[in-house]
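Asker: Can you keep this structure in mind? I'll have questions shortly.
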Amino acid sequence: MIVNWNKPSTDKSENLYSISDEVASRANSASKRARDTFNLLTPGEEKLSQWDKIMSNAYVTPFTIAFVVICVLEYYFSREIYRDILPQAPWIIGVGIIFISIVIAELMVGVLSSHTRNKRFYEEKQIPSNAASPESDIRKGVYKHARGQFIFGSILFVAIGTAIFYFSKERVAREIAAGIRESAFGIQDVLPVLFYVLEVLAGLFVFYLFKRSVLAIKNYKNRKKYSKEVEFSRQHTSESCKYFDNAEKEGYNTFMDDVSNNIHLAFYRNKHQNTNQQHLNYVNEPEKVLQHFKAKFVSVSGAPAQVTVDVLTEYKFKESKTSDANGVLELSINSYPEDQIKQFRITYFNTANEKLIEDISGNYSLDKEEPYEIILK
């Protein structure tokens with residue numbers, strides 16, 4: 001509250017004001033970072049929610065667990081083949097087969113899984129260039145693309161399976177020739193091929209699960225960053241308002257001296273920090289709106305009084321105007337939403353033509369339909 005309307009601000013109060021402005025600037029910068037993070041987070045959260053809804057009946061987790069088990073079994077039965085090919089590090093071939101199986105599974109899943117096609121349809125609909133396209137055309141495009149991938153994946157699938165079968169037969173032939181074994185190529189020697197086939201089928205959703213995990217981690221980091229920036233902004237906003245209140249107590253003349261937009265925003269946000277629509281009213285930067293104040297000033301005797309009014313609002317906006325001869329004042333203030341007048345300084349002349357100054361404090365709402373009636377002392 002202004003305590004010295006006619007006196008210049010003291011050095012101490014100006015120093016406190018400068019600190020308040022700097023702290024409010026930090027709060028506003030944090031709010032902008034929070035808005036930017038929220039703009040990244042919102043589409044990510046929406047995408048993850050839609051993915052989960054579309055893939056809820058696809059049995060992603062059981063398939064992935066089966067994939068891990070089959071990979072272990074596949075390596076156990078195929079390790080002798082891998083040792084023949086790369087004795088120094090047979091595990092490299094095992095990892096390579098797993099990677100190739102995941103790639104092949106991803107190429108084939110679009111045809112084998114309607115859930116995946118629905119997910120891809122959802123993603124295609126989000127592309128701005130497809131906004132005006134009929135859904136039937138988008139679905140046809142999705143299936144056409146999936147079919148092309150399936151054909152390519154099938155070629156790789158057969159090629160890799162044939163290679164494993166060939167190396168398995170060669171290993172058996174070498175063992176027989178070396179006298180290590182007597183039995184011919186049998187069912188047990190086909191197991192590496194069988195496990196490879198099961199590995200591809202069980203890995204249909206591994207790539208999806210990987211993408212989902214990456215998106216979930218990204219969303220988690222953005223949520224954490226958003227909360228951190230909001231909390232930083234809240235703390236610095238509250239601190240800024242306290243510094244400004246102390247500046248006024250030490251003699252800062254809010255009406256005569258400048259008040260930065262950082263501080264206007266600080267008082268706006270400080271009012272809305274615990275509202276239900278915190279993001280809308282606290283993190284978002286509001287737009288200024290033209291708000292109106294109507295009042296009629298009368299003397300104790302009830303006679304209209306022509307006055308000059310200096311007002312200060314809750315968000316530290318200030319305005320001045322003189323009423324008409326009937327004491328009616330219509331004042332416009334370009335401020336942030338839900339602002340209200342907290343302090344008046346009223347200058348007028350009494351019947352003896354003496355200049356009087358009166359200070360009034362209170363809560364006076366803006367854009368109130370009925371004018372206030374203010375009685376002078």
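How things are named: the first chain in the structure tokens is A, the next is B, and so on; residues count from 1 in each chain; ligands count from 1 in the order shown.
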Write out as a ChimeraX atom specification all residues of stretch 120-344 of chain A that DSSP puts in helix (DSSP H, G or I) for this structure's backbone.
Answerer: /A:120-125,128-130,135-177,187-202,206-249,261-272,278-283
Asker: I need the residues of stretch 202-359 of chain A that end up classed as strand (DSSP E or B) by DSSP on the backbone, written out as an MDAnalysis selection string.
Answerer: chainID A and resid 289:298 304 307:313 318:322 328:335 340:349 355:359
Asker: Which residue out of A:Ser136, A:Asn28, A:Gln343, A:Thr116 has the minimum interatomic distance to A:Ile263 when only C-alpha atoms are used?
Answerer: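 Once distances to A:Ile263 are computed over only C-alpha atoms, the minimum belongs to A:Asn28.
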Asker: Out of A:Arg83, A:Lys144, A:Arg26, A:Arg171, which residue has the shortest atom-to-atom distance to A:Arg120 when counting only C-alpha atoms?
Answerer: A:Lys144
Asker: Find, counting only C-alpha atoms, the residue in A:Ala24, A:Ile97, A:Leu40, A:Ile54 that gets nearest to A:Val72.
Answerer: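 Closest residue, counting only C-alpha atoms: A:Ile97.
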Asker: Find the spatial neighbours of A:Ala247, counting only C-alpha atoms, within a cut-off of 10 Å - ignore same-chain residues fewer than 2 positions away - and output them as a PyMOL selection string.
Answerer: chain A and resi 1-2+9-20+241-245+249-254
Asker: Using the selection just defined, write its residues with N, CA and C atoms as a PDB file, in the first residue's frame.
Answerer:
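Result saved to part32.pdb:
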```pdb
ATOM      1  N   MET A   1       0.848  -1.201   0.000  1.00  0.00           N
ATOM      2  CA  MET A   1       0.000   0.000   0.000  1.00  0.00           C
ATOM      3  C   MET A   1       0.876   1.241   0.000  1.00  0.00           C
ATOM      4  N   ILE A   2       0.489   2.246  -0.775  1.00  0.00           N
ATOM      5  CA  ILE A   2       1.252   3.488  -0.834  1.00  0.00           C
ATOM      6  C   ILE A   2       1.099   4.245   0.484  1.00  0.00           C
ATOM      7  N   SER A   9      10.222   8.331  -3.934  1.00  0.00           N
ATOM      8  CA  SER A   9      10.612   7.058  -3.328  1.00  0.00           C
ATOM      9  C   SER A   9      11.976   7.172  -2.667  1.00  0.00           C
ATOM     10  N   THR A  10      12.130   6.477  -1.572  1.00  0.00           N
ATOM     11  CA  THR A  10      13.421   6.478  -0.868  1.00  0.00           C
ATOM     12  C   THR A  10      14.392   5.542  -1.579  1.00  0.00           C
ATOM     13  N   ASP A  11      15.688   5.742  -1.292  1.00  0.00           N
ATOM     14  CA  ASP A  11      16.707   4.887  -1.907  1.00  0.00           C
ATOM     15  C   ASP A  11      16.517   3.424  -1.511  1.00  0.00           C
ATOM     16  N   LYS A  12      16.187   3.194  -0.253  1.00  0.00           N
ATOM     17  CA  LYS A  12      15.997   1.819   0.212  1.00  0.00           C
ATOM     18  C   LYS A  12      14.815   1.164  -0.491  1.00  0.00           C
ATOM     19  N   SER A  13      13.732   1.935  -0.658  1.00  0.00           N
ATOM     20  CA  SER A  13      12.546   1.370  -1.309  1.00  0.00           C
ATOM     21  C   SER A  13      12.815   1.084  -2.785  1.00  0.00           C
ATOM     22  N   GLU A  14      13.612   1.932  -3.432  1.00  0.00           N
ATOM     23  CA  GLU A  14      13.940   1.700  -4.842  1.00  0.00           C
ATOM     24  C   GLU A  14      14.809   0.454  -5.001  1.00  0.00           C
ATOM     25  N   ASN A  15      15.683   0.221  -4.026  1.00  0.00           N
ATOM     26  CA  ASN A  15      16.510  -0.985  -4.056  1.00  0.00           C
ATOM     27  C   ASN A  15      15.636  -2.237  -3.905  1.00  0.00           C
ATOM     28  N   LEU A  16      14.669  -2.174  -2.988  1.00  0.00           N
ATOM     29  CA  LEU A  16      13.746  -3.292  -2.801  1.00  0.00           C
ATOM     30  C   LEU A  16      12.890  -3.511  -4.050  1.00  0.00           C
ATOM     31  N   TYR A  17      12.505  -2.419  -4.699  1.00  0.00           N
ATOM     32  CA  TYR A  17      11.738  -2.535  -5.939  1.00  0.00           C
ATOM     33  C   TYR A  17      12.563  -3.241  -7.023  1.00  0.00           C
ATOM     34  N   SER A  18      13.833  -2.875  -7.140  1.00  0.00           N
ATOM     35  CA  SER A  18      14.700  -3.486  -8.154  1.00  0.00           C
ATOM     36  C   SER A  18      14.834  -4.996  -7.921  1.00  0.00           C
ATOM     37  N   ILE A  19      14.954  -5.381  -6.639  1.00  0.00           N
ATOM     38  CA  ILE A  19      15.036  -6.814  -6.317  1.00  0.00           C
ATOM     39  C   ILE A  19      13.725  -7.506  -6.686  1.00  0.00           C
ATOM     40  N   SER A  20      12.611  -6.855  -6.360  1.00  0.00           N
ATOM     41  CA  SER A  20      11.298  -7.424  -6.687  1.00  0.00           C
ATOM     42  C   SER A  20      11.144  -7.625  -8.183  1.00  0.00           C
ATOM     43  N   CYS A 241       6.470 -10.516  -4.764  1.00  0.00           N
ATOM     44  CA  CYS A 241       5.385  -9.724  -4.157  1.00  0.00           C
ATOM     45  C   CYS A 241       5.757  -9.250  -2.755  1.00  0.00           C
ATOM     46  N   LYS A 242       6.451 -10.098  -2.002  1.00  0.00           N
ATOM     47  CA  LYS A 242       6.869  -9.701  -0.647  1.00  0.00           C
ATOM     48  C   LYS A 242       7.877  -8.560  -0.713  1.00  0.00           C
ATOM     49  N   TYR A 243       8.822  -8.648  -1.650  1.00  0.00           N
ATOM     50  CA  TYR A 243       9.797  -7.565  -1.802  1.00  0.00           C
ATOM     51  C   TYR A 243       9.105  -6.258  -2.185  1.00  0.00           C
ATOM     52  N   PHE A 244       8.095  -6.363  -3.062  1.00  0.00           N
ATOM     53  CA  PHE A 244       7.401  -5.144  -3.487  1.00  0.00           C
ATOM     54  C   PHE A 244       6.593  -4.545  -2.332  1.00  0.00           C
ATOM     55  N   ASP A 245       5.922  -5.396  -1.570  1.00  0.00           N
ATOM     56  CA  ASP A 245       5.181  -4.894  -0.397  1.00  0.00           C
ATOM     57  C   ASP A 245       6.130  -4.191   0.577  1.00  0.00           C
ATOM     58  N   LYS A 249       6.268  -0.257   1.906  1.00  0.00           N
ATOM     59  CA  LYS A 249       6.342   0.090   3.329  1.00  0.00           C
ATOM     60  C   LYS A 249       7.533   0.995   3.619  1.00  0.00           C
ATOM     61  N   GLU A 250       8.598   0.829   2.814  1.00  0.00           N
ATOM     62  CA  GLU A 250       9.793   1.654   3.010  1.00  0.00           C
ATOM     63  C   GLU A 250       9.726   2.972   2.235  1.00  0.00           C
ATOM     64  N   GLY A 251       8.570   3.229   1.589  1.00  0.00           N
ATOM     65  CA  GLY A 251       8.386   4.537   0.959  1.00  0.00           C
ATOM     66  C   GLY A 251       8.397   4.548  -0.548  1.00  0.00           C
ATOM     67  N   TYR A 252       8.249   3.392  -1.193  1.00  0.00           N
ATOM     68  CA  TYR A 252       8.199   3.401  -2.659  1.00  0.00           C
ATOM     69  C   TYR A 252       6.847   3.947  -3.114  1.00  0.00           C
ATOM     70  N   ASN A 253       6.877   4.990  -3.930  1.00  0.00           N
ATOM     71  CA  ASN A 253       5.653   5.643  -4.384  1.00  0.00           C
ATOM     72  C   ASN A 253       5.174   4.948  -5.672  1.00  0.00           C
ATOM     73  N   THR A 254       4.292   3.986  -5.502  1.00  0.00           N
ATOM     74  CA  THR A 254       3.838   3.177  -6.635  1.00  0.00           C
ATOM     75  C   THR A 254       3.109   4.007  -7.671  1.00  0.00           C
TER      76      THR A 254
END
```
Asker: Which of these, A:Met256, A:Ala352, A:Ile375, A:Val23, has the shortest distance to A:Val300 once you count only C-alpha atoms?
Answerer: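 The shortest atom-to-atom distance to A:Val300 comes from A:Ile375.
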Asker: Skipping near chain neighbours, those fewer than 4 positions away, what residues fall within 10 Å of A:Asp84 using only C-alpha atoms, listed as a PyMOL selection string?
Answerer: chain A and resi 79-80+88+90+167-168+170-171
Asker: What does the structure give for the distance between atom CA of A:Ile360 and atom CA of A:Ala303, in Å to one decimal?
Answerer: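 Calculated distance between atom CA of A:Ile360 and atom CA of A:Ala303 is 19.1 Å.
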Asker: Between A:Phe317, A:Tyr372, A:Phe255, A:Phe232, which has the minimum distance to A:Ser29 (counting only C-alpha atoms)?
Answerer: A:Phe232
Asker: Determine the nearest neighbour of A:Leu329 from the options A:Lys32, A:Lys140, A:Lys119, A:Lys296, counting only C-alpha atoms.
Answerer: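 Of A:Lys32, A:Lys140, A:Lys119, A:Lys296, the one nearest A:Leu329, counting only C-alpha atoms, is A:Lys296.
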Asker: Got a sec: who's within 12 Å of A:Thr351, counting only C-alpha atoms, leaving out chain neighbours fewer than 6 positions off, as a list in words?
Answerer: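 Everything that qualifies: Ser299, Val300, Ser301, Ala303, Pro304, Ala305 and Gln306 of chain A.
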Asker: Create the file for the chosen residues now, containing C-alpha atoms and written as a PDB file, in the first residue's frame.
Answerer:
```pdb
ATOM      1  CA  SER A 299     -20.537  14.567   0.308  1.00  0.00           C
ATOM      2  CA  VAL A 300     -21.753  13.687   3.800  1.00  0.00           C
ATOM      3  CA  SER A 301     -24.802  15.859   3.144  1.00  0.00           C
ATOM      4  CA  ALA A 303     -24.685  16.484  -2.476  1.00  0.00           C
ATOM      5  CA  PRO A 304     -22.742  15.367  -5.591  1.00  0.00           C
ATOM      6  CA  ALA A 305     -19.028  16.085  -5.397  1.00  0.00           C
ATOM      7  CA  GLN A 306     -16.758  16.624  -8.354  1.00  0.00           C
TER       8      GLN A 306
END
```
Asker: So how far away is atom CA of A:Asn284 from atom CA of A:Ser240, in Å?
Answerer: 18.0 Å
Asker: Quote the spacing between atom CA of A:Gln340 and atom CA of A:Ser233 in Å to one decimal place.
Answerer: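 Spanning atom CA of A:Gln340 to atom CA of A:Ser233 is a straight-line distance of 23.2 Å.
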Asker: Pick out the residues sitting within 8 Å of A:Glu199, and hand them over as a ChimeraX atom specification; count only C-alpha atoms, and ignore anything fewer than 6 positions along from it in its own chain.
Answerer: /A:67,70-71,74,98,101
Asker: Next, the residues of the selection above should be written as a PDB file, in the first residue's frame with N, CA and C atoms.
Answerer:
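Saved the output as again11.pdb:
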```pdb
ATOM      1  N   PHE A  67       8.962 -63.516 -26.299  1.00  0.00           N
ATOM      2  CA  PHE A  67      10.091 -63.197 -27.182  1.00  0.00           C
ATOM      3  C   PHE A  67      11.417 -63.367 -26.438  1.00  0.00           C
ATOM      4  N   ILE A  70      12.122 -67.091 -25.846  1.00  0.00           N
ATOM      5  CA  ILE A  70      12.479 -67.770 -27.103  1.00  0.00           C
ATOM      6  C   ILE A  70      13.875 -67.357 -27.562  1.00  0.00           C
ATOM      7  N   CYS A  71      14.254 -66.106 -27.345  1.00  0.00           N
ATOM      8  CA  CYS A  71      15.601 -65.661 -27.713  1.00  0.00           C
ATOM      9  C   CYS A  71      16.667 -66.451 -26.949  1.00  0.00           C
ATOM     10  N   GLU A  74      16.654 -69.945 -28.378  1.00  0.00           N
ATOM     11  CA  GLU A  74      17.213 -69.931 -29.727  1.00  0.00           C
ATOM     12  C   GLU A  74      18.736 -69.884 -29.668  1.00  0.00           C
ATOM     13  N   ILE A  98      18.754 -61.620 -33.214  1.00  0.00           N
ATOM     14  CA  ILE A  98      17.659 -60.999 -32.439  1.00  0.00           C
ATOM     15  C   ILE A  98      17.266 -59.664 -33.063  1.00  0.00           C
ATOM     16  N   SER A 101      15.482 -60.224 -36.282  1.00  0.00           N
ATOM     17  CA  SER A 101      14.134 -60.745 -36.020  1.00  0.00           C
ATOM     18  C   SER A 101      13.170 -59.621 -35.658  1.00  0.00           C
TER      19      SER A 101
END
```
